[in-house]
Amino acid sequence: MSGTGFASVVLDVDSTLCGIEGIDWLAARRGAEAGVRIAELTDRAMNGELALDAVYGERLGVVRPTRDDLDALATAYEGALAPGAAAAIARMRASGRRIVLVSGGIRNAILPVARRLGIDDTDVHAVNVLVDGSGAYETYDAHSPMTTAEGKRSVVAALGLPRRLVAVGDGATDLAIRPVADAFIAFTGYVRREPVVAGADAVVDSFDQLVELVLA
């Protein structure tokens, strides 16, 4: 990668910051059949074989997460935090780097782990899910850019983050940020998607490696 270091880091959450895919984890709570079906859709979308737009609503329609499900997912995210991630993020933030989470996952469940890492709520961009007074699933924010294949790019472009800016993630929706970033780093600590790796400026499999590139 040309240049030295980065001022802003845009991080994916599922299979990057945390070692789970939130929607797949929720689907598994609905039984083996739902789990397999949703995991296949997720994998195809992250490989760029299906547009995220085509599967986002379908996946949530199958899962219909309740308040209890979302609380359980929040706990699972915290338990699945990538090795070294907390220390790396603390080190980057202490060095004045801006850390922003940009995820197609469910914001309600991501916020607790973001807060644990010292990331402000306003720097967490994901999809809100609404539940009713009894805690039952009601709907999701279908207007969120994060429900679309190119949504992360439009969100990052609108944030006006300090340059140099690097995006980090494992999926096609993360790679889509590349045109509005100075670099894209493929994170392969949990899953290696060859189309994503092929489009990356660098590849890392740990947060120890990532922090060295960011602070270089």
# chains A, B, ... in the order shown; residues from 1 in each chain; ligands from 1
>>> closest_atom_pairs(of="stretch 80-181 of chain A", to="stretch 28-47 of chain A", cutoff="12 Å", atoms="only C-alpha atoms", output="tab-separated table")
residue	atom	partner	partner_atom	distance
A:Gly104	CA	A:Met46	CA	10.6
A:Gly105	CA	A:Thr42	CA	11.2
A:Thr147	CA	A:Ala45	CA	11.2
A:Thr148	CA	A:Ala45	CA	10.2
A:Ala149	CA	A:Ala45	CA	8.3
A:Glu150	CA	A:Ala45	CA	11.8
A:Gly169	CA	A:Met46	CA	10.3
A:Asp170	CA	A:Met46	CA	7.8
A:Gly171	CA	A:Met46	CA	4.5
A:Ala172	CA	A:Met46	CA	5.0
A:Thr173	CA	A:Met46	CA	6.7
A:Asp174	CA	A:Met46	CA	8.8
A:Leu175	CA	A:Met46	CA	9.8
A:Ala176	CA	A:Met46	CA	10.9
>>> write_last_selection(atoms="N, CA and C atoms", output="CSV table (one decimal), in the first residue's frame")
chain,number,residue,atom,x,y,z
A,104,GLY,N,-23.6,-4.5,7.9
A,104,GLY,CA,-24.9,-4.9,7.5
A,104,GLY,C,-25.6,-5.7,8.6
A,105,GLY,N,-25.0,-5.8,9.7
A,105,GLY,CA,-25.6,-6.5,10.9
A,105,GLY,C,-26.6,-5.6,11.6
A,147,THR,N,-28.7,-2.3,3.8
A,147,THR,CA,-29.4,-3.5,3.3
A,147,THR,C,-29.1,-3.7,1.8
A,148,THR,N,-28.2,-2.9,1.2
A,148,THR,CA,-27.9,-3.0,-0.2
A,148,THR,C,-26.5,-3.3,-0.4
A,149,ALA,N,-26.2,-3.8,-1.6
A,149,ALA,CA,-24.8,-4.3,-1.9
A,149,ALA,C,-23.8,-3.1,-1.9
A,150,GLU,N,-24.3,-1.9,-2.3
A,150,GLU,CA,-23.3,-0.8,-2.4
A,150,GLU,C,-23.5,0.2,-1.2
A,169,GLY,N,-12.5,-5.6,6.0
A,169,GLY,CA,-13.6,-6.5,6.1
A,169,GLY,C,-13.4,-7.8,5.3
A,170,ASP,N,-14.3,-8.7,5.3
A,170,ASP,CA,-14.2,-10.0,4.7
A,170,ASP,C,-15.1,-10.2,3.5
A,171,GLY,N,-16.1,-9.3,3.3
A,171,GLY,CA,-17.1,-9.5,2.2
A,171,GLY,C,-17.1,-8.6,1.1
A,172,ALA,N,-17.9,-8.9,0.1
A,172,ALA,CA,-18.0,-8.1,-1.1
A,172,ALA,C,-18.6,-6.7,-0.8
A,173,THR,N,-19.4,-6.6,0.2
A,173,THR,CA,-20.0,-5.3,0.6
A,173,THR,C,-18.9,-4.4,1.2
A,174,ASP,N,-17.9,-5.0,1.8
A,174,ASP,CA,-16.7,-4.3,2.4
A,174,ASP,C,-15.8,-3.8,1.2
A,175,LEU,N,-15.6,-4.7,0.3
A,175,LEU,CA,-14.7,-4.4,-0.9
A,175,LEU,C,-15.4,-3.2,-1.7
A,176,ALA,N,-16.7,-3.1,-1.6
A,176,ALA,CA,-17.4,-2.1,-2.4
A,176,ALA,C,-17.0,-0.7,-1.9
>>> select_by_dssp(residues="stretch 42-80 of chain A", states="alpha helix (DSSP H)", output="NGL selection string")
:A and (42-46 or 52-63 or 67-79)
>>> closest_residue(among="A:Ser103, A:Ser206, A:Thr188, A:Ser95", to="A:Ile23", atoms="only C-alpha atoms")
A:Ser103
>>> closest_residue(among="A:Ser8, A:Asp201, A:Ala80, A:Val13", to="A:His125", atoms="only C-alpha atoms")
A:Val13
>>> closest_residue(among="A:His143, A:Arg98, A:Arg153, A:Arg178", to="A:Asp53", atoms="only C-alpha atoms")
A:His143
